Every structure is written in structure tokens, then in C-alpha cells.
Amino acid sequence: MVAIDSDVRALSTFLGVSCGKLTFLGDSKIPVLHVSNGIQLRGLSTISKYLVKLANRQDLLGQSFEEKATVDQWLEYKVTQVDRCGTDKDGHTVLKELNTYLSDRVYFAGHHLTLADLLIYQGLCCIVVDLSFFEKQKYMHVSRWFNQVQHNFDLRPDLQPIIFQKNQLYGTTN
């Protein structure tokens with residue numbers, strides 16, 4: 001729950017909007033945002049999209065129908081895969097999948113930063129911080145993307161940037 005809370009708060013800070021009162025549904029990890037008139041928004045994707053629209057940053061949701069669908073797909077992946085990494089093995093499985101996907105892409109959806117990039121970045125922070133230089137090199141496409149996002153967008157000013165080696169240290173990583 002702490003990770004989801006920090007994801008929402010970091011996103012609202014990045015967007016320059018208040019996230020208001022955030023609670024969790026029972027013992028679950030489902031976030032609930034309490035907005036005006038007693039309305040409650042549930043789920044990370046719903047709350048994040050609400051904050052993006054509140055900040056008038058619809059560009060983060062994708063420009064075409066395909067990009068919007070791709071953003072939605074990756075938001076679902078973040079909640080169902082990234083947030084459920086309970087072991088190092090789970091984390092490495094996610095990194096391997098993302099590395100393959102990012103092998104010929106700069107961002108997750110289209111050619112610009114989207115909400116999918118922002119939230120997946122937030123979710124991967126706790127995984128990437130523990131990687132050795134060898135592992136960062138092994139997941140070079142994720143590392144390239146992560147390093148770009150962390151240096152070009154001030155998403156987590158409370159955290160020190162994660163260091164990535166610019167030169168190849170090891171031989172073949174496959």
C-alpha cells in the first residue's frame with residue numbers, strides 16, 4: 001500500500017495538482033481517492049487518469065486511439081505484474097519482458113512520455129535500485145529507458161538518481 005500511495009503522491013506532485021485524501025479499500029491494496037461531493041475513485045489507473053485530466057495533461061494519455069489503448073494496456077500491466085513482484089525472480093521476469101518490449105522503442109506508447117512510462121517507472125524504482133551493474137547491462141533497454149525517464153522528468157525528487165554505467169563492462173549479456 002505504501003508503494004501505491006507514494007506512486008499517486010509522486011504523480012500528483014509531478015503534475016502540480018493535489019491528490020487530496022487517499023485511502024485504501026479494507027485490507028486490499030486498492031486505492032480510493034475521495035474527491036468532491038463524496039465521490040470516490042477506485043483503482044490506480046482510474047485515479048491516475050483523473051489526476052492527468054485535472055492537470056490538463058491529456059497528452060500523457062496518448063494521442064491516437066492506438067496510443068490510448070497502449071497506455072491502458074501498460075497501466076494494467078503495471079498493476080497486475082510490476083506491483084505484484086514479490087521475489088527477485090518475479091522482478092527479473094518483469095525486467096526481461098520489459099527489456100524485450102523496449103528493444104526497439106523509446107517509450108511504452110508512441111514517441112513521447114505517457115502515463116504508462118510515469119507509473120511503470122515508479123513501480124520499477126524499488127527493483128532497479130537493487131540491480132548490479134551487470135544486471136543493469138543485461139537489461140540494457142530497460143536501463144536506457146529508466147535512465148532517460150529519471151533524468152529528463154523530475155518524478156522522484158526525494159530519491160537520488162540510480163547510477164548506470166555508460167560503457168559496457170561485461171561481454172555478451174544473453
# chains A, B, ... in the order shown; residues from 1 in each chain; ligands from 1
>>> closest_atom_pairs(of="segment 55-106 of chain A", to="segment 126-134 of chain A", cutoff="12 Å", atoms="only C-alpha atoms", output="JSON lines")
{"residue": "A:Val82", "atom": "CA", "partner": "A:Ile127", "partner_atom": "CA", "distance": 9.4}
{"residue": "A:Asp83", "atom": "CA", "partner": "A:Cys126", "partner_atom": "CA", "distance": 10.3}
{"residue": "A:Arg84", "atom": "CA", "partner": "A:Ile127", "partner_atom": "CA", "distance": 11.7}
{"residue": "A:Cys85", "atom": "CA", "partner": "A:Ile127", "partner_atom": "CA", "distance": 8.8}
{"residue": "A:Gly86", "atom": "CA", "partner": "A:Ile127", "partner_atom": "CA", "distance": 10.4}
{"residue": "A:Thr87", "atom": "CA", "partner": "A:Ile127", "partner_atom": "CA", "distance": 9.9}
{"residue": "A:Asp88", "atom": "CA", "partner": "A:Ile127", "partner_atom": "CA", "distance": 8.1}
{"residue": "A:Lys89", "atom": "CA", "partner": "A:Ile127", "partner_atom": "CA", "distance": 10.8}
{"residue": "A:Asp90", "atom": "CA", "partner": "A:Ile127", "partner_atom": "CA", "distance": 9.9}
{"residue": "A:Gly91", "atom": "CA", "partner": "A:Ile127", "partner_atom": "CA", "distance": 6.5}
{"residue": "A:His92", "atom": "CA", "partner": "A:Ile127", "partner_atom": "CA", "distance": 8.6}
{"residue": "A:Thr93", "atom": "CA", "partner": "A:Ile127", "partner_atom": "CA", "distance": 11.3}
{"residue": "A:Val94", "atom": "CA", "partner": "A:Ile127", "partner_atom": "CA", "distance": 9.8}
{"residue": "A:Leu95", "atom": "CA", "partner": "A:Ile127", "partner_atom": "CA", "distance": 8.9}
>>> residues_around(residues="segment 102-113 of chain A", least_positions_apart="5", cutoff="10 Å", atoms="only C-alpha atoms", output="PDB file with all heavy atoms, in the first residue's frame")
ATOM      1  N   ASP A  59      -2.196  14.849 -22.998  1.00  0.00           N
ATOM      2  CA  ASP A  59      -1.139  14.308 -23.853  1.00  0.00           C
ATOM      3  C   ASP A  59      -0.488  13.075 -23.230  1.00  0.00           C
ATOM      4  O   ASP A  59       0.025  12.219 -23.938  1.00  0.00           O
ATOM      5  CB  ASP A  59      -0.071  15.374 -24.135  1.00  0.00           C
ATOM      6  CG  ASP A  59       0.568  15.911 -22.862  1.00  0.00           C
ATOM      7  OD1 ASP A  59      -0.169  16.440 -21.989  1.00  0.00           O
ATOM      8  OD2 ASP A  59       1.801  15.813 -22.738  1.00  0.00           O
ATOM      9  N   LEU A  60      -0.548  12.975 -21.902  1.00  0.00           N
ATOM     10  CA  LEU A  60       0.034  11.823 -21.209  1.00  0.00           C
ATOM     11  C   LEU A  60      -0.801  10.555 -21.370  1.00  0.00           C
ATOM     12  O   LEU A  60      -0.348   9.466 -21.025  1.00  0.00           O
ATOM     13  CB  LEU A  60       0.227  12.129 -19.729  1.00  0.00           C
ATOM     14  CG  LEU A  60       1.261  13.203 -19.399  1.00  0.00           C
ATOM     15  CD1 LEU A  60       1.237  13.521 -17.914  1.00  0.00           C
ATOM     16  CD2 LEU A  60       2.651  12.759 -19.837  1.00  0.00           C
ATOM     17  N   LEU A  61      -2.021  10.699 -21.885  1.00  0.00           N
ATOM     18  CA  LEU A  61      -2.904   9.539 -22.059  1.00  0.00           C
ATOM     19  C   LEU A  61      -2.797   8.932 -23.450  1.00  0.00           C
ATOM     20  O   LEU A  61      -3.433   7.930 -23.739  1.00  0.00           O
ATOM     21  CB  LEU A  61      -4.360   9.938 -21.770  1.00  0.00           C
ATOM     22  CG  LEU A  61      -4.618  10.444 -20.351  1.00  0.00           C
ATOM     23  CD1 LEU A  61      -6.067  10.894 -20.221  1.00  0.00           C
ATOM     24  CD2 LEU A  61      -4.272   9.387 -19.327  1.00  0.00           C
ATOM     25  N   GLY A  62      -1.982   9.539 -24.318  1.00  0.00           N
ATOM     26  CA  GLY A  62      -1.831   9.056 -25.681  1.00  0.00           C
ATOM     27  C   GLY A  62      -2.536   9.991 -26.643  1.00  0.00           C
ATOM     28  O   GLY A  62      -3.528  10.637 -26.283  1.00  0.00           O
ATOM     29  N   GLN A  63      -2.024  10.053 -27.871  1.00  0.00           N
ATOM     30  CA  GLN A  63      -2.590  10.981 -28.844  1.00  0.00           C
ATOM     31  C   GLN A  63      -3.580  10.307 -29.790  1.00  0.00           C
ATOM     32  O   GLN A  63      -4.604  10.876 -30.101  1.00  0.00           O
ATOM     33  CB  GLN A  63      -1.459  11.657 -29.613  1.00  0.00           C
ATOM     34  CG  GLN A  63      -0.622  12.525 -28.688  1.00  0.00           C
ATOM     35  CD  GLN A  63       0.566  13.156 -29.373  1.00  0.00           C
ATOM     36  OE1 GLN A  63       0.892  12.843 -30.515  1.00  0.00           O
ATOM     37  NE2 GLN A  63       1.233  14.043 -28.673  1.00  0.00           N
ATOM     38  N   SER A  64      -3.281   9.113 -30.231  1.00  0.00           N
ATOM     39  CA  SER A  64      -4.189   8.397 -31.133  1.00  0.00           C
ATOM     40  C   SER A  64      -4.963   7.344 -30.326  1.00  0.00           C
ATOM     41  O   SER A  64      -4.652   7.077 -29.170  1.00  0.00           O
ATOM     42  CB  SER A  64      -3.395   7.708 -32.242  1.00  0.00           C
ATOM     43  OG  SER A  64      -2.596   6.668 -31.696  1.00  0.00           O
ATOM     44  N   GLU A  66      -4.853   4.213 -30.843  1.00  0.00           N
ATOM     45  CA  GLU A  66      -3.918   3.118 -30.595  1.00  0.00           C
ATOM     46  C   GLU A  66      -3.011   3.420 -29.406  1.00  0.00           C
ATOM     47  O   GLU A  66      -2.766   2.560 -28.567  1.00  0.00           O
ATOM     48  CB  GLU A  66      -3.067   2.834 -31.843  1.00  0.00           C
ATOM     49  CG  GLU A  66      -3.844   2.275 -33.011  1.00  0.00           C
ATOM     50  CD  GLU A  66      -4.571   3.334 -33.840  1.00  0.00           C
ATOM     51  OE1 GLU A  66      -4.376   4.559 -33.610  1.00  0.00           O
ATOM     52  OE2 GLU A  66      -5.343   2.929 -34.730  1.00  0.00           O
ATOM     53  N   GLU A  67      -2.510   4.656 -29.339  1.00  0.00           N
ATOM     54  CA  GLU A  67      -1.660   5.043 -28.210  1.00  0.00           C
ATOM     55  C   GLU A  67      -2.434   4.999 -26.900  1.00  0.00           C
ATOM     56  O   GLU A  67      -1.914   4.546 -25.885  1.00  0.00           O
ATOM     57  CB  GLU A  67      -1.089   6.453 -28.405  1.00  0.00           C
ATOM     58  CG  GLU A  67       0.147   6.494 -29.249  1.00  0.00           C
ATOM     59  CD  GLU A  67       0.771   7.885 -29.306  1.00  0.00           C
ATOM     60  OE1 GLU A  67       0.518   8.723 -28.403  1.00  0.00           O
ATOM     61  OE2 GLU A  67       1.520   8.128 -30.259  1.00  0.00           O
ATOM     62  N   LYS A  68      -3.683   5.457 -26.921  1.00  0.00           N
ATOM     63  CA  LYS A  68      -4.509   5.430 -25.715  1.00  0.00           C
ATOM     64  C   LYS A  68      -4.731   3.992 -25.254  1.00  0.00           C
ATOM     65  O   LYS A  68      -4.661   3.699 -24.060  1.00  0.00           O
ATOM     66  CB  LYS A  68      -5.839   6.137 -25.953  1.00  0.00           C
ATOM     67  CG  LYS A  68      -5.667   7.634 -26.100  1.00  0.00           C
ATOM     68  CD  LYS A  68      -6.969   8.331 -26.432  1.00  0.00           C
ATOM     69  CE  LYS A  68      -6.664   9.814 -26.633  1.00  0.00           C
ATOM     70  NZ  LYS A  68      -7.805  10.629 -26.835  1.00  0.00           N
ATOM     71  N   ALA A  69      -4.978   3.107 -26.196  1.00  0.00           N
ATOM     72  CA  ALA A  69      -5.157   1.687 -25.859  1.00  0.00           C
ATOM     73  C   ALA A  69      -3.858   1.101 -25.319  1.00  0.00           C
ATOM     74  O   ALA A  69      -3.868   0.302 -24.375  1.00  0.00           O
ATOM     75  CB  ALA A  69      -5.634   0.910 -27.080  1.00  0.00           C
ATOM     76  N   THR A  70      -2.737   1.501 -25.898  1.00  0.00           N
ATOM     77  CA  THR A  70      -1.436   1.010 -25.439  1.00  0.00           C
ATOM     78  C   THR A  70      -1.141   1.510 -24.029  1.00  0.00           C
ATOM     79  O   THR A  70      -0.640   0.764 -23.186  1.00  0.00           O
ATOM     80  CB  THR A  70      -0.323   1.429 -26.417  1.00  0.00           C
ATOM     81  OG1 THR A  70      -0.639   0.932 -27.724  1.00  0.00           O
ATOM     82  CG2 THR A  70       1.023   0.872 -25.997  1.00  0.00           C
ATOM     83  N   VAL A  71      -1.456   2.769 -23.755  1.00  0.00           N
ATOM     84  CA  VAL A  71      -1.286   3.300 -22.397  1.00  0.00           C
ATOM     85  C   VAL A  71      -2.114   2.483 -21.420  1.00  0.00           C
ATOM     86  O   VAL A  71      -1.628   2.062 -20.364  1.00  0.00           O
ATOM     87  CB  VAL A  71      -1.656   4.805 -22.334  1.00  0.00           C
ATOM     88  CG1 VAL A  71      -1.748   5.283 -20.881  1.00  0.00           C
ATOM     89  CG2 VAL A  71      -0.648   5.635 -23.108  1.00  0.00           C
ATOM     90  N   ASP A  72      -3.384   2.228 -21.762  1.00  0.00           N
ATOM     91  CA  ASP A  72      -4.252   1.425 -20.892  1.00  0.00           C
ATOM     92  C   ASP A  72      -3.672   0.030 -20.669  1.00  0.00           C
ATOM     93  O   ASP A  72      -3.716  -0.499 -19.554  1.00  0.00           O
ATOM     94  CB  ASP A  72      -5.655   1.306 -21.487  1.00  0.00           C
ATOM     95  CG  ASP A  72      -6.444   2.596 -21.380  1.00  0.00           C
ATOM     96  OD1 ASP A  72      -6.064   3.484 -20.589  1.00  0.00           O
ATOM     97  OD2 ASP A  72      -7.454   2.728 -22.110  1.00  0.00           O
ATOM     98  N   GLN A  73      -3.147  -0.565 -21.720  1.00  0.00           N
ATOM     99  CA  GLN A  73      -2.549  -1.901 -21.617  1.00  0.00           C
ATOM    100  C   GLN A  73      -1.393  -1.896 -20.610  1.00  0.00           C
ATOM    101  O   GLN A  73      -1.290  -2.781 -19.762  1.00  0.00           O
ATOM    102  CB  GLN A  73      -2.033  -2.315 -22.992  1.00  0.00           C
ATOM    103  CG  GLN A  73      -1.138  -3.533 -22.992  1.00  0.00           C
ATOM    104  CD  GLN A  73      -0.480  -3.731 -24.356  1.00  0.00           C
ATOM    105  OE1 GLN A  73      -1.153  -3.685 -25.374  1.00  0.00           O
ATOM    106  NE2 GLN A  73       0.821  -3.924 -24.362  1.00  0.00           N
ATOM    107  N   TRP A  74      -0.530  -0.880 -20.695  1.00  0.00           N
ATOM    108  CA  TRP A  74       0.625  -0.835 -19.800  1.00  0.00           C
ATOM    109  C   TRP A  74       0.247  -0.436 -18.378  1.00  0.00           C
ATOM    110  O   TRP A  74       0.902  -0.851 -17.421  1.00  0.00           O
ATOM    111  CB  TRP A  74       1.720   0.053 -20.384  1.00  0.00           C
ATOM    112  CG  TRP A  74       2.398  -0.647 -21.507  1.00  0.00           C
ATOM    113  CD1 TRP A  74       2.311  -0.372 -22.840  1.00  0.00           C
ATOM    114  CD2 TRP A  74       3.243  -1.804 -21.400  1.00  0.00           C
ATOM    115  NE1 TRP A  74       3.040  -1.281 -23.561  1.00  0.00           N
ATOM    116  CE2 TRP A  74       3.631  -2.168 -22.705  1.00  0.00           C
ATOM    117  CE3 TRP A  74       3.706  -2.567 -20.336  1.00  0.00           C
ATOM    118  CZ2 TRP A  74       4.460  -3.256 -22.961  1.00  0.00           C
ATOM    119  CZ3 TRP A  74       4.532  -3.655 -20.587  1.00  0.00           C
ATOM    120  CH2 TRP A  74       4.896  -3.982 -21.885  1.00  0.00           C
ATOM    121  N   LYS A  96      12.843  -8.750 -17.791  1.00  0.00           N
ATOM    122  CA  LYS A  96      13.112  -9.433 -19.061  1.00  0.00           C
ATOM    123  C   LYS A  96      12.026  -9.118 -20.087  1.00  0.00           C
ATOM    124  O   LYS A  96      12.324  -8.827 -21.250  1.00  0.00           O
ATOM    125  CB  LYS A  96      13.208 -10.943 -18.827  1.00  0.00           C
ATOM    126  CG  LYS A  96      13.598 -11.720 -20.060  1.00  0.00           C
ATOM    127  CD  LYS A  96      13.760 -13.200 -19.754  1.00  0.00           C
ATOM    128  CE  LYS A  96      14.126 -13.960 -21.013  1.00  0.00           C
ATOM    129  NZ  LYS A  96      14.263 -15.394 -20.763  1.00  0.00           N
ATOM    130  N   GLU A  97      10.760  -9.166 -19.665  1.00  0.00           N
ATOM    131  CA  GLU A  97       9.645  -8.850 -20.563  1.00  0.00           C
ATOM    132  C   GLU A  97       9.725  -7.404 -21.045  1.00  0.00           C
ATOM    133  O   GLU A  97       9.572  -7.128 -22.240  1.00  0.00           O
ATOM    134  CB  GLU A  97       8.308  -9.078 -19.857  1.00  0.00           C
ATOM    135  CG  GLU A  97       7.991 -10.532 -19.611  1.00  0.00           C
ATOM    136  CD  GLU A  97       6.744 -10.726 -18.747  1.00  0.00           C
ATOM    137  OE1 GLU A  97       6.155  -9.730 -18.257  1.00  0.00           O
ATOM    138  OE2 GLU A  97       6.355 -11.888 -18.551  1.00  0.00           O
ATOM    139  N   LEU A 118       5.350   6.942 -16.721  1.00  0.00           N
ATOM    140  CA  LEU A 118       5.432   7.506 -15.382  1.00  0.00           C
ATOM    141  C   LEU A 118       5.165   6.459 -14.300  1.00  0.00           C
ATOM    142  O   LEU A 118       5.920   6.338 -13.334  1.00  0.00           O
ATOM    143  CB  LEU A 118       4.445   8.668 -15.232  1.00  0.00           C
ATOM    144  CG  LEU A 118       4.678   9.875 -16.129  1.00  0.00           C
ATOM    145  CD1 LEU A 118       3.529  10.863 -15.994  1.00  0.00           C
ATOM    146  CD2 LEU A 118       5.998  10.538 -15.824  1.00  0.00           C
ATOM    147  N   ILE A 120       5.040   3.029 -14.621  1.00  0.00           N
ATOM    148  CA  ILE A 120       5.956   1.880 -14.642  1.00  0.00           C
ATOM    149  C   ILE A 120       7.296   2.290 -14.044  1.00  0.00           C
ATOM    150  O   ILE A 120       7.903   1.530 -13.287  1.00  0.00           O
ATOM    151  CB  ILE A 120       6.097   1.299 -16.057  1.00  0.00           C
ATOM    152  CG1 ILE A 120       4.779   0.628 -16.465  1.00  0.00           C
ATOM    153  CG2 ILE A 120       7.248   0.290 -16.127  1.00  0.00           C
ATOM    154  CD1 ILE A 120       4.725   0.133 -17.893  1.00  0.00           C
ATOM    155  N   TYR A 139      19.794  -5.916 -18.763  1.00  0.00           N
ATOM    156  CA  TYR A 139      18.511  -5.321 -19.131  1.00  0.00           C
ATOM    157  C   TYR A 139      18.762  -3.928 -19.713  1.00  0.00           C
ATOM    158  O   TYR A 139      18.201  -2.935 -19.268  1.00  0.00           O
ATOM    159  CB  TYR A 139      17.590  -5.260 -17.917  1.00  0.00           C
ATOM    160  CG  TYR A 139      17.376  -6.596 -17.259  1.00  0.00           C
ATOM    161  CD1 TYR A 139      17.799  -6.832 -15.949  1.00  0.00           C
ATOM    162  CD2 TYR A 139      16.766  -7.637 -17.943  1.00  0.00           C
ATOM    163  CE1 TYR A 139      17.609  -8.060 -15.340  1.00  0.00           C
ATOM    164  CE2 TYR A 139      16.571  -8.877 -17.346  1.00  0.00           C
ATOM    165  CZ  TYR A 139      17.002  -9.076 -16.049  1.00  0.00           C
ATOM    166  OH  TYR A 139      16.819 -10.299 -15.454  1.00  0.00           O
ATOM    167  N   MET A 140      19.607  -3.867 -20.734  1.00  0.00           N
ATOM    168  CA  MET A 140      20.089  -2.576 -21.235  1.00  0.00           C
ATOM    169  C   MET A 140      18.989  -1.678 -21.792  1.00  0.00           C
ATOM    170  O   MET A 140      19.072  -0.453 -21.686  1.00  0.00           O
ATOM    171  CB  MET A 140      21.190  -2.778 -22.265  1.00  0.00           C
ATOM    172  CG  MET A 140      20.764  -3.381 -23.569  1.00  0.00           C
ATOM    173  SD  MET A 140      22.207  -3.484 -24.630  1.00  0.00           S
ATOM    174  CE  MET A 140      21.760  -4.874 -25.616  1.00  0.00           C
ATOM    175  N   HIS A 141      17.948  -2.248 -22.366  1.00  0.00           N
ATOM    176  CA  HIS A 141      16.878  -1.410 -22.916  1.00  0.00           C
ATOM    177  C   HIS A 141      16.031  -0.805 -21.799  1.00  0.00           C
ATOM    178  O   HIS A 141      15.650   0.368 -21.868  1.00  0.00           O
ATOM    179  CB  HIS A 141      16.017  -2.202 -23.903  1.00  0.00           C
ATOM    180  CG  HIS A 141      16.821  -2.800 -25.010  1.00  0.00           C
ATOM    181  ND1 HIS A 141      17.534  -2.039 -25.907  1.00  0.00           N
ATOM    182  CD2 HIS A 141      17.064  -4.095 -25.342  1.00  0.00           C
ATOM    183  CE1 HIS A 141      18.164  -2.833 -26.747  1.00  0.00           C
ATOM    184  NE2 HIS A 141      17.896  -4.089 -26.431  1.00  0.00           N
ATOM    185  N   VAL A 142      15.766  -1.581 -20.765  1.00  0.00           N
ATOM    186  CA  VAL A 142      15.065  -1.047 -19.593  1.00  0.00           C
ATOM    187  C   VAL A 142      15.945   0.004 -18.923  1.00  0.00           C
ATOM    188  O   VAL A 142      15.457   1.069 -18.533  1.00  0.00           O
ATOM    189  CB  VAL A 142      14.701  -2.166 -18.585  1.00  0.00           C
ATOM    190  CG1 VAL A 142      14.187  -1.574 -17.284  1.00  0.00           C
ATOM    191  CG2 VAL A 142      13.674  -3.114 -19.176  1.00  0.00           C
ATOM    192  N   SER A 143      17.235  -0.271 -18.819  1.00  0.00           N
ATOM    193  CA  SER A 143      18.157   0.677 -18.196  1.00  0.00           C
ATOM    194  C   SER A 143      18.216   1.991 -18.963  1.00  0.00           C
ATOM    195  O   SER A 143      18.193   3.074 -18.362  1.00  0.00           O
ATOM    196  CB  SER A 143      19.563   0.076 -18.103  1.00  0.00           C
ATOM    197  OG  SER A 143      19.570  -1.031 -17.229  1.00  0.00           O
ATOM    198  N   ARG A 144      18.284   1.919 -20.281  1.00  0.00           N
ATOM    199  CA  ARG A 144      18.299   3.124 -21.121  1.00  0.00           C
ATOM    200  C   ARG A 144      17.035   3.943 -20.893  1.00  0.00           C
ATOM    201  O   ARG A 144      17.081   5.146 -20.658  1.00  0.00           O
ATOM    202  CB  ARG A 144      18.418   2.735 -22.599  1.00  0.00           C
ATOM    203  CG  ARG A 144      18.187   3.882 -23.571  1.00  0.00           C
ATOM    204  CD  ARG A 144      18.050   3.427 -25.016  1.00  0.00           C
ATOM    205  NE  ARG A 144      17.296   2.219 -25.261  1.00  0.00           N
ATOM    206  CZ  ARG A 144      15.963   2.141 -25.303  1.00  0.00           C
ATOM    207  NH1 ARG A 144      15.223   3.209 -25.091  1.00  0.00           N
ATOM    208  NH2 ARG A 144      15.369   0.990 -25.556  1.00  0.00           N
ATOM    209  N   TRP A 145      15.883   3.257 -20.953  1.00  0.00           N
ATOM    210  CA  TRP A 145      14.596   3.924 -20.753  1.00  0.00           C
ATOM    211  C   TRP A 145      14.506   4.522 -19.346  1.00  0.00           C
ATOM    212  O   TRP A 145      14.146   5.685 -19.177  1.00  0.00           O
ATOM    213  CB  TRP A 145      13.462   2.916 -20.996  1.00  0.00           C
ATOM    214  CG  TRP A 145      12.131   3.388 -20.513  1.00  0.00           C
ATOM    215  CD1 TRP A 145      11.260   4.202 -21.166  1.00  0.00           C
ATOM    216  CD2 TRP A 145      11.537   3.085 -19.246  1.00  0.00           C
ATOM    217  NE1 TRP A 145      10.155   4.424 -20.380  1.00  0.00           N
ATOM    218  CE2 TRP A 145      10.307   3.752 -19.202  1.00  0.00           C
ATOM    219  CE3 TRP A 145      11.927   2.323 -18.153  1.00  0.00           C
ATOM    220  CZ2 TRP A 145       9.457   3.679 -18.096  1.00  0.00           C
ATOM    221  CZ3 TRP A 145      11.093   2.239 -17.058  1.00  0.00           C
ATOM    222  CH2 TRP A 145       9.871   2.905 -17.039  1.00  0.00           C
ATOM    223  N   PHE A 146      14.854   3.724 -18.341  1.00  0.00           N
ATOM    224  CA  PHE A 146      14.757   4.162 -16.944  1.00  0.00           C
ATOM    225  C   PHE A 146      15.644   5.380 -16.715  1.00  0.00           C
ATOM    226  O   PHE A 146      15.220   6.369 -16.102  1.00  0.00           O
ATOM    227  CB  PHE A 146      15.167   3.010 -16.014  1.00  0.00           C
ATOM    228  CG  PHE A 146      14.889   3.283 -14.567  1.00  0.00           C
ATOM    229  CD1 PHE A 146      13.730   2.808 -13.982  1.00  0.00           C
ATOM    230  CD2 PHE A 146      15.781   3.999 -13.786  1.00  0.00           C
ATOM    231  CE1 PHE A 146      13.461   3.058 -12.639  1.00  0.00           C
ATOM    232  CE2 PHE A 146      15.515   4.254 -12.453  1.00  0.00           C
ATOM    233  CZ  PHE A 146      14.350   3.788 -11.876  1.00  0.00           C
ATOM    234  N   GLN A 148      16.752   7.527 -18.871  1.00  0.00           N
ATOM    235  CA  GLN A 148      16.203   8.680 -19.587  1.00  0.00           C
ATOM    236  C   GLN A 148      15.047   9.303 -18.815  1.00  0.00           C
ATOM    237  O   GLN A 148      14.985  10.523 -18.654  1.00  0.00           O
ATOM    238  CB  GLN A 148      15.728   8.258 -20.971  1.00  0.00           C
ATOM    239  CG  GLN A 148      15.068   9.392 -21.730  1.00  0.00           C
ATOM    240  CD  GLN A 148      14.579   8.965 -23.090  1.00  0.00           C
ATOM    241  OE1 GLN A 148      15.089   8.034 -23.682  1.00  0.00           O
ATOM    242  NE2 GLN A 148      13.577   9.646 -23.576  1.00  0.00           N
ATOM    243  N   VAL A 149      14.135   8.483 -18.337  1.00  0.00           N
ATOM    244  CA  VAL A 149      12.983   9.000 -17.605  1.00  0.00           C
ATOM    245  C   VAL A 149      13.433   9.675 -16.313  1.00  0.00           C
ATOM    246  O   VAL A 149      12.981  10.780 -15.991  1.00  0.00           O
ATOM    247  CB  VAL A 149      11.943   7.886 -17.327  1.00  0.00           C
ATOM    248  CG1 VAL A 149      10.843   8.375 -16.393  1.00  0.00           C
ATOM    249  CG2 VAL A 149      11.334   7.389 -18.634  1.00  0.00           C
ATOM    250  N   PHE A 153      12.708  13.829 -16.482  1.00  0.00           N
ATOM    251  CA  PHE A 153      11.440  14.178 -15.854  1.00  0.00           C
ATOM    252  C   PHE A 153      11.616  14.046 -14.350  1.00  0.00           C
ATOM    253  O   PHE A 153      12.016  13.000 -13.859  1.00  0.00           O
ATOM    254  CB  PHE A 153      10.329  13.249 -16.350  1.00  0.00           C
ATOM    255  CG  PHE A 153      10.254  13.201 -17.850  1.00  0.00           C
ATOM    256  CD1 PHE A 153      10.846  12.166 -18.551  1.00  0.00           C
ATOM    257  CD2 PHE A 153       9.633  14.217 -18.554  1.00  0.00           C
ATOM    258  CE1 PHE A 153      10.812  12.129 -19.935  1.00  0.00           C
ATOM    259  CE2 PHE A 153       9.596  14.188 -19.938  1.00  0.00           C
ATOM    260  CZ  PHE A 153      10.181  13.146 -20.632  1.00  0.00           C
TER     261      PHE A 153
END
>>> select_by_dssp(residues="segment 29-168 of chain A", states="alpha helix (DSSP H)", output="PyMOL selection string")
chain A and resi 44-54+65-80+88-101+115-128+133-138+140-152
>>> atom_distance(atom1="atom CA of Pro161 of chain A", atom2="atom CA of Pro31 of chain A")
27.1 Å
>>> select_by_dssp(residues="segment 9-170 of chain A", states="strand (DSSP E or B)", output="list of chain:residue names")
A:Lys21, A:Leu22, A:Thr23, A:Phe24, A:Pro31, A:Val32, A:Leu33, A:His34, A:Gln40, A:Leu41, A:Arg42
>>> write_last_selection(atoms="C-alpha atoms", output="JSON list (two decimals), in the first residue's frame")
[["chain", "number", "residue", "atom", "x", "y", "z"],
["A", 21, "LYS", "CA", -7.48, 12.28, 0.56],
["A", 22, "LEU", "CA", -6.23, 8.84, -0.42],
["A", 23, "THR", "CA", -7.27, 5.74, 1.49],
["A", 24, "PHE", "CA", -7.34, 2.01, 0.81],
["A", 31, "PRO", "CA", -6.50, 2.90, -3.54],
["A", 32, "VAL", "CA", -9.54, 5.13, -3.12],
["A", 33, "LEU", "CA", -9.36, 8.85, -3.87],
["A", 34, "HIS", "CA", -12.04, 10.93, -2.16],
["A", 40, "GLN", "CA", -14.80, 8.03, -4.57],
["A", 41, "LEU", "CA", -12.48, 6.99, -7.39],
["A", 42, "ARG", "CA", -11.06, 3.48, -7.07]]
>>> atom_distance(atom1="atom CA of Leu124 of chain A", atom2="atom CA of Phe65 of chain A")
26.4 Å
>>> residues_around(residues="Cys19 of chain A", least_positions_apart="2", cutoff="10 Å", atoms="only C-alpha atoms", output="count of residues only")
19
>>> closest_residue(among="A:Gln160, A:Thr100, A:Asn56, A:Ser6", to="Gly123 of chain A", atoms="only C-alpha atoms")
A:Ser6
>>> atom_distance(atom1="atom CA of Ala55 of chain A", atom2="atom CA of Lys29 of chain A")
24.9 Å
